[in-house]
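Notes follow once the structure below has been shown.
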Amino acid sequence: MKKTIITVVGQDTVGIIGKVCTYLADNQVNILNISQTIVDGYFNMMMITDTDHSLQSFEDLAKGLEKVGEGIGVVIKMQHEDIFKSMHRI
Amino acid sequence: MINLFEVRETNKMIEEYNLDVRTITMGISLLDCCGTDVDEVCGRIYEKITTYAENLVSTGEEIEQEFGIPIVNKRLSVTPIGLVGAACCKMKDDFIKIAKTLDRAAKTVGVNFLGGYSALVSKGMTAGERLLIESIPSAMACTERVCSSVNVGSTKTGIDMNAVKLLGEIILETAESTKENDSLGCAKLVVFCNAPDDNPFMAGAFHGVTEADAIINVGVSGPGVVKHALEKVRGEDFGVLCETIKKTAFKVTRVGQLVAREASKRLGIPFGIVDLSLAPTPAVGDSVAEILEEIGLERVGAPGTTAALALLNDQVKKGGVMASSYVGGLSGAFIPVSEDRGMIEAVKMGALTLEKLEAMTCVCSVGLDMVAIPGDTRASTISGIIADEMAIGMINQKTTAVRLIPVIGKTVGDTVEFGGLLGYAPVMPVNRYSCEAMIDRGGRIPAPIHSFKN
C-alpha cells in the first residue's frame, strides 16, 4: 500500500473536514489517520490515506481536492508519503 | 508514523523557503556515435539523445506533482564533443554542425540546457580539441540551449597554459559574437580545473568518459531553507551553527536522493549521484550571500566572509554525505554573482570585490561564477584571472571554475540583465595592470608536488 498525505491549510470554517472526507469517500480513498490543529489562527490538518482502491489517477485526485479546497477557501495538497519519510526518517 | 509537524516543516521549506530540486540531469554517452562522416555522426547523436531522453521532461513533471516538490530544470549532459567529433570534424564548421544538432535535440526533448560542448585539455590539446575551442564563439552565438566547458588543468596534470591563453581570447570573441544580448554567450561557457565527470549543474555539466552509457544525476538546492534554519539560532556558538547547517543539508539532500531514485526507476536509467549544492537564484530568499550575512556579516565581502563560507561549504558536505549513498558533482555552496540577490547588492555597495571573490573560491565548491567585467578587458587579463583560479584548484585539489562575462559596450557602473535564472549583475572593475608577458610564455605549469601519490 502506498500511503498518501493530504494536507489542508487555511482559515478555519464550519465543515472543512466533512467536505474533504465526503470527496475522499466518493472516490474510494480510505482515511487511515487524521490529525488537526490550529496554528496562528490557521486550520492545519493532515490525513494519511490509502489511495490504492481509488479509480481516479493521482493527478485527478489531486486536482479534485484542489477544487474542493477552492470551494471552502483552504489550500489542499496531496503528496506521496515518501517525501516526508525520506526527509524525517533515517 | 509521520506527524503533522514534520509534514508542515517539509511543506514550509517548499512553499516559503524555496526548497526545490534544481535539476534532473540525464547524462548520455555519445562515444558510440563517433564516425568519420560528420553528417552521419550528427544523425546518430540526434537519434540517441531524442530516444534516451524522450520521457525525461514528462517524468520530471510526474515526480514533481506526486511528491509536491518543484523540479526546476530537466537537462542533459553528453560526452565532451571534443572527443566525439575528433574523427569527423576537420574544420570549425563541422563542430558547429554538431552544436546545432545538440541544440535541435535539446529542443525536441524539451530540456532547457544541454551541456557537453566541451574539451578536456588539462595537459594538452589535440588538433580536434583546439578546433572545438576555436568554434565556441560561433557555437554559442548560433545555438540557444547548448552549454560549453573546457577543463584546462588538474591536480594530477598541472595547467595547460596554452589553453588558458587561447580561452582568454575565446571568451572575448564569444562576448563579441553575442554582444546584442549583453554577451550572454559567455554565461554558457565555463573554464574548469579538476572538472567532475558527473556534475549535473550548468553551464559546466558534461558526461565524463568514466561514466556508464546513461545516468541520472540530481542537483538539489535550498539556500533559503538554510538561511531560515539559521535565523532560529542567532547568537549561538559555532557548534550550534554548524550542527544546524548540517541537519538542514541532510534533510534537503534526502529529498534529492528520493527524486533521483524515483527518476532512475521510472526512466529505467541507473542513478548516478546527488549533487548537494546550495545554488542561489535571483529570487528573494534564495541567496547564499544571505546565509553568510545571517552567520554574522554586515555584508558579504566583509572580513570573515571566507571563514563563514568555508564552514558553510564544509557543513553542507557533511550533512549531505550521510543523506545519500552517492554524493558527487560539485556539492557545496555556489557563489555566482548575477544569480544571487545578496551578492549583487554587496557588489553594488562596494562590499564585495573581484579579489575577495577570488579568496572565497578557495573554499567554495566552484569558482568565479557569473561575474560581469568591462567589455574592453584585455584577453591576456582574462587569461590571467583564469590562471589564478586554476592554480587555486590545482594546489588545493578542488574543482575551480571561471565564468566571466566581458560585456561588450559596457563598463564599471553599468548593469547587465541576463534574465531568468541567470539574473542581473553590476559590471565589476578588474585590476588594470598587465600580465601579458606571463601569459605569452606558453607551455604548461607542471603538476604540484602533492600530486605524486603513486
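Ordering of the C-alpha cells sets the chain letters (A, B, ...), residue numbers begin anew at 1 in every chain, and ligands are numbered from 1 in the order given.
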| task | Using only C-alpha atoms, select each residue of chain A with any atom at most 9 Å away from an atom of chain B, and give the selection as number ranges by chain. | result | A: 5, 7, 35-37, 44-48, 58-59, 62, 77-90
For the residues in the current selection, export C-alpha atoms as a short mmCIF file (atom, residue, chain, number, x, y, z; two decimals), in the first residue's frame.
```
data_model
loop_
_atom_site.label_atom_id
_atom_site.label_comp_id
_atom_site.auth_asym_id
_atom_site.auth_seq_id
_atom_site.Cartn_x
_atom_site.Cartn_y
_atom_site.Cartn_z
CA ILE A 5 -0.57 12.51 2.71
CA THR A 7 -2.74 18.49 3.98
CA SER A 35 -4.54 14.93 12.93
CA GLN A 36 -5.58 18.51 13.15
CA THR A 37 -4.53 21.65 14.97
CA ASN A 44 -3.98 22.77 9.79
CA MET A 45 -4.98 19.23 9.05
CA MET A 46 -3.09 16.21 7.86
CA MET A 47 -4.61 12.97 6.68
CA ILE A 48 -2.79 9.75 5.97
CA PHE A 58 -3.18 10.53 -8.59
CA GLU A 59 -3.27 13.59 -10.79
CA ALA A 62 -5.01 15.97 -6.55
CA LYS A 77 -2.27 19.40 -1.19
CA MET A 78 -1.80 15.74 -1.88
CA GLN A 79 1.67 14.18 -1.79
CA HIS A 80 3.17 10.71 -1.61
CA GLU A 81 4.30 9.84 1.91
CA ASP A 82 7.84 9.10 0.73
CA ILE A 83 8.91 12.75 0.57
CA PHE A 84 8.23 13.17 4.30
CA LYS A 85 9.62 9.78 5.25
CA SER A 86 12.85 10.34 3.40
CA MET A 87 13.32 13.77 4.95
CA HIS A 88 12.47 12.92 8.55
CA ARG A 89 13.35 9.24 8.99
CA ILE A 90 16.79 7.68 8.69
#
```
| field | Those of chain A in DSSP strand (DSSP E), formatted as a ChimeraX atom specification | value | /A:3-11,30-39,42-50,74-80
| message | So, with only C-alpha atoms as the atoms that count, which of B:Ile24, B:Leu167, B:Ala205, B:Cys364 lies closest to Ala333 (chain B)? | response |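 Closest to Ala333 (chain B) of all the choices is B:Cys364.
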| query | When distances are computed from only C-alpha atoms, which of A:Val74, A:Leu55, A:Ile6, A:Val68 shows the smallest separation from Asn27 (chain A)? | reply |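 Of all the options, A:Leu55 lies closest to Asn27 (chain A).
The two atoms in question, CA of Cys33 (chain B) and CA of Ala212 (chain B), are spaced 14.7 Å apart.
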Name all residues at most 12 Å from Ile72 (chain A) (count only C-alpha atoms; drop same-chain ones fewer than 5 positions away) and give them as a PDB file with C-alpha atoms, in the first residue's frame.
```pdb
ATOM      1  CA  VAL A   8      -5.358  21.173   4.431  1.00  0.00           C
ATOM      2  CA  VAL A   9      -4.297  24.678   5.466  1.00  0.00           C
ATOM      3  CA  GLY A  10      -6.379  27.835   5.693  1.00  0.00           C
ATOM      4  CA  GLN A  11      -8.905  29.946   7.559  1.00  0.00           C
ATOM      5  CA  ASP A  12     -10.958  27.811   9.949  1.00  0.00           C
ATOM      6  CA  THR A  13     -14.615  27.459   8.997  1.00  0.00           C
ATOM      7  CA  VAL A  14     -17.514  25.055   9.528  1.00  0.00           C
ATOM      8  CA  GLY A  15     -17.450  21.804   7.575  1.00  0.00           C
ATOM      9  CA  ILE A  16     -13.879  21.582   6.259  1.00  0.00           C
ATOM     10  CA  ILE A  17     -13.307  18.023   7.451  1.00  0.00           C
ATOM     11  CA  GLY A  18     -16.791  16.999   6.324  1.00  0.00           C
ATOM     12  CA  LYS A  19     -16.336  18.245   2.776  1.00  0.00           C
ATOM     13  CA  VAL A  20     -12.858  16.764   2.366  1.00  0.00           C
ATOM     14  CA  PHE A  43      -6.596  25.491  10.406  1.00  0.00           C
ATOM     15  CA  LEU A  65      -9.008  18.053  -3.944  1.00  0.00           C
ATOM     16  CA  GLU A  66      -7.590  21.367  -5.064  1.00  0.00           C
ATOM     17  CA  LYS A  67     -11.034  22.278  -6.361  1.00  0.00           C
TER      18      LYS A  67
END
```
| request: Using only C-alpha atoms, determine which residues lie at most 10 Å from region 299-302 of chain B, disregarding the query and same-chain residues fewer than 4 positions distant; provide the list as number ranges by chain. | output: B: 288-294, 306, 308-309, 342-347, 349-357, 359-360
Written selection (C-alpha atoms) as a CSV table (one decimal), in the first residue's frame:
```
chain,number,residue,atom,x,y,z
B,288,VAL,CA,23.8,32.1,-0.4
B,289,ALA,CA,25.0,35.7,0.5
B,290,GLU,CA,22.1,36.0,2.9
B,291,ILE,CA,23.2,32.8,4.7
B,292,LEU,CA,26.7,34.3,5.1
B,293,GLU,CA,25.1,37.5,6.4
B,294,GLU,CA,22.9,35.5,8.8
B,306,THR,CA,35.9,33.5,3.6
B,308,ALA,CA,31.9,31.8,7.0
B,309,LEU,CA,31.8,30.4,3.5
B,342,GLY,CA,22.7,39.3,-1.8
B,343,MET,CA,25.9,39.1,-3.9
B,344,ILE,CA,24.6,41.7,-6.4
B,345,GLU,CA,23.7,44.1,-3.6
B,346,ALA,CA,27.1,43.6,-2.0
B,347,VAL,CA,28.9,44.4,-5.3
B,349,MET,CA,27.6,48.8,-2.3
B,350,GLY,CA,31.3,48.1,-2.8
B,351,ALA,CA,31.4,45.5,-0.1
B,352,LEU,CA,32.4,42.7,-2.5
B,353,THR,CA,35.3,42.9,-4.9
B,354,LEU,CA,36.7,40.5,-7.5
B,355,GLU,CA,39.7,39.9,-5.3
B,356,LYS,CA,37.5,38.9,-2.3
B,357,LEU,CA,35.5,36.7,-4.6
B,359,ALA,CA,39.6,34.4,-2.0
B,360,MET,CA,36.1,32.9,-1.5
```
Please report, as a tab-separated table (two decimals) with C-alpha atoms, in the first residue's frame, each residue of region 53-212 of chain B to which DSSP assigns helix (DSSP H, G or I) when run on this structure's backbone.
```
chain	number	residue	atom	x	y	z
B	56	LEU	CA	12.78	12.93	-19.25
B	57	VAL	CA	10.68	16.08	-19.00
B	58	SER	CA	7.33	14.32	-18.53
B	59	THR	CA	8.80	12.00	-15.89
B	60	GLY	CA	10.22	15.00	-14.06
B	61	GLU	CA	6.81	16.65	-14.11
B	62	GLU	CA	5.14	13.49	-12.81
B	63	ILE	CA	7.51	13.27	-9.86
B	64	GLU	CA	7.05	16.97	-9.22
B	65	GLN	CA	3.31	16.50	-8.94
B	66	GLU	CA	3.29	13.33	-6.87
B	67	PHE	CA	5.75	14.50	-4.25
B	81	ILE	CA	32.20	16.84	-28.07
B	82	GLY	CA	35.97	17.36	-28.38
B	83	LEU	CA	36.19	13.55	-28.20
B	84	VAL	CA	33.02	12.67	-30.12
B	92	LYS	CA	35.25	24.65	-37.23
B	93	ASP	CA	32.05	24.38	-39.24
B	94	ASP	CA	31.94	20.63	-38.63
B	95	PHE	CA	31.85	21.24	-34.89
B	96	ILE	CA	29.19	23.92	-35.39
B	97	LYS	CA	27.08	21.30	-37.18
B	98	ILE	CA	27.27	19.11	-34.09
B	99	ALA	CA	26.42	22.09	-31.85
B	100	LYS	CA	23.32	22.79	-33.92
B	101	THR	CA	22.33	19.12	-33.77
B	102	LEU	CA	22.63	19.18	-29.98
B	103	ASP	CA	20.51	22.33	-29.84
B	104	ARG	CA	17.86	20.75	-32.02
B	105	ALA	CA	17.83	17.56	-29.91
B	106	ALA	CA	17.51	19.63	-26.72
B	107	LYS	CA	14.53	21.47	-28.17
B	108	THR	CA	12.89	18.24	-29.35
B	109	VAL	CA	13.00	16.63	-25.89
B	127	ALA	CA	44.00	19.26	-33.10
B	128	GLY	CA	40.30	18.41	-32.76
B	129	GLU	CA	40.05	19.88	-29.30
B	130	ARG	CA	41.72	23.09	-30.42
B	131	LEU	CA	39.23	23.33	-33.27
B	132	LEU	CA	36.34	22.79	-30.89
B	133	ILE	CA	37.58	25.54	-28.58
B	134	GLU	CA	38.01	27.87	-31.55
B	135	SER	CA	34.45	27.11	-32.64
B	136	ILE	CA	32.93	28.05	-29.25
B	137	PRO	CA	32.20	31.74	-30.08
B	138	SER	CA	30.14	30.81	-33.15
B	139	ALA	CA	28.57	27.80	-31.46
B	140	MET	CA	27.38	29.90	-28.52
B	141	ALA	CA	26.01	32.52	-30.89
B	142	CYS	CA	24.07	30.18	-33.17
B	161	MET	CA	48.74	27.47	-20.19
B	162	ASN	CA	48.37	27.36	-23.99
B	163	ALA	CA	44.70	26.56	-23.48
B	164	VAL	CA	44.43	29.26	-20.81
B	165	LYS	CA	45.84	31.80	-23.24
B	166	LEU	CA	43.52	30.66	-26.01
B	167	LEU	CA	40.48	30.78	-23.74
B	168	GLY	CA	41.13	34.39	-22.77
B	169	GLU	CA	40.73	35.21	-26.47
B	170	ILE	CA	37.81	32.83	-26.94
B	171	ILE	CA	35.86	34.35	-24.04
B	172	LEU	CA	36.28	37.81	-25.58
B	173	GLU	CA	35.25	36.52	-29.01
B	174	THR	CA	32.21	34.81	-27.50
B	175	ALA	CA	31.28	38.09	-25.84
B	176	GLU	CA	31.64	39.85	-29.18
B	177	SER	CA	29.62	37.23	-31.06
B	179	LYS	CA	27.02	41.34	-27.94
B	180	GLU	CA	23.41	42.05	-28.97
B	181	ASN	CA	22.33	40.05	-25.90
B	184	LEU	CA	25.13	36.23	-22.96
B	185	GLY	CA	27.15	33.57	-24.80
B	186	CYS	CA	29.78	33.80	-22.07
B	187	ALA	CA	27.19	32.73	-19.48
B	188	LYS	CA	27.15	29.37	-21.27
```
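Of the listed residues B:Val220, B:Val72, B:Met438, B:Val337, the one whose atoms come nearest to Phe418 (chain B) is B:Val337, with distances taken using only C-alpha atoms.
Residue nearest Lys123 (chain B), chosen from B:Cys193, B:Val78, B:Ala86, B:Leu230 and counting only C-alpha atoms: B:Cys193.
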| task | Determine, counting only C-alpha atoms, which protein, DNA and RNA residues have an atom within 7 Å of an atom of Val407 (chain B); residues of the same chain fewer than 3 positions away are not included. Present the result as an NGL selection string. | result | :B and (175 or 182-183 or 372-375 or 410)
Since we have the selection now, will you write its residues out, keeping C-alpha atoms, as a tab-separated table (two decimals), in the first residue's frame?
```tsv
chain	number	residue	atom	x	y	z
B	175	ALA	CA	31.28	38.09	-25.84
B	182	ASP	CA	24.73	41.60	-23.39
B	183	SER	CA	27.37	39.00	-24.29
B	372	ALA	CA	30.40	40.69	-15.40
B	373	ILE	CA	33.54	42.64	-16.25
B	374	PRO	CA	34.14	45.56	-18.63
B	375	GLY	CA	33.95	44.65	-22.31
B	410	LYS	CA	29.59	48.26	-21.00
```
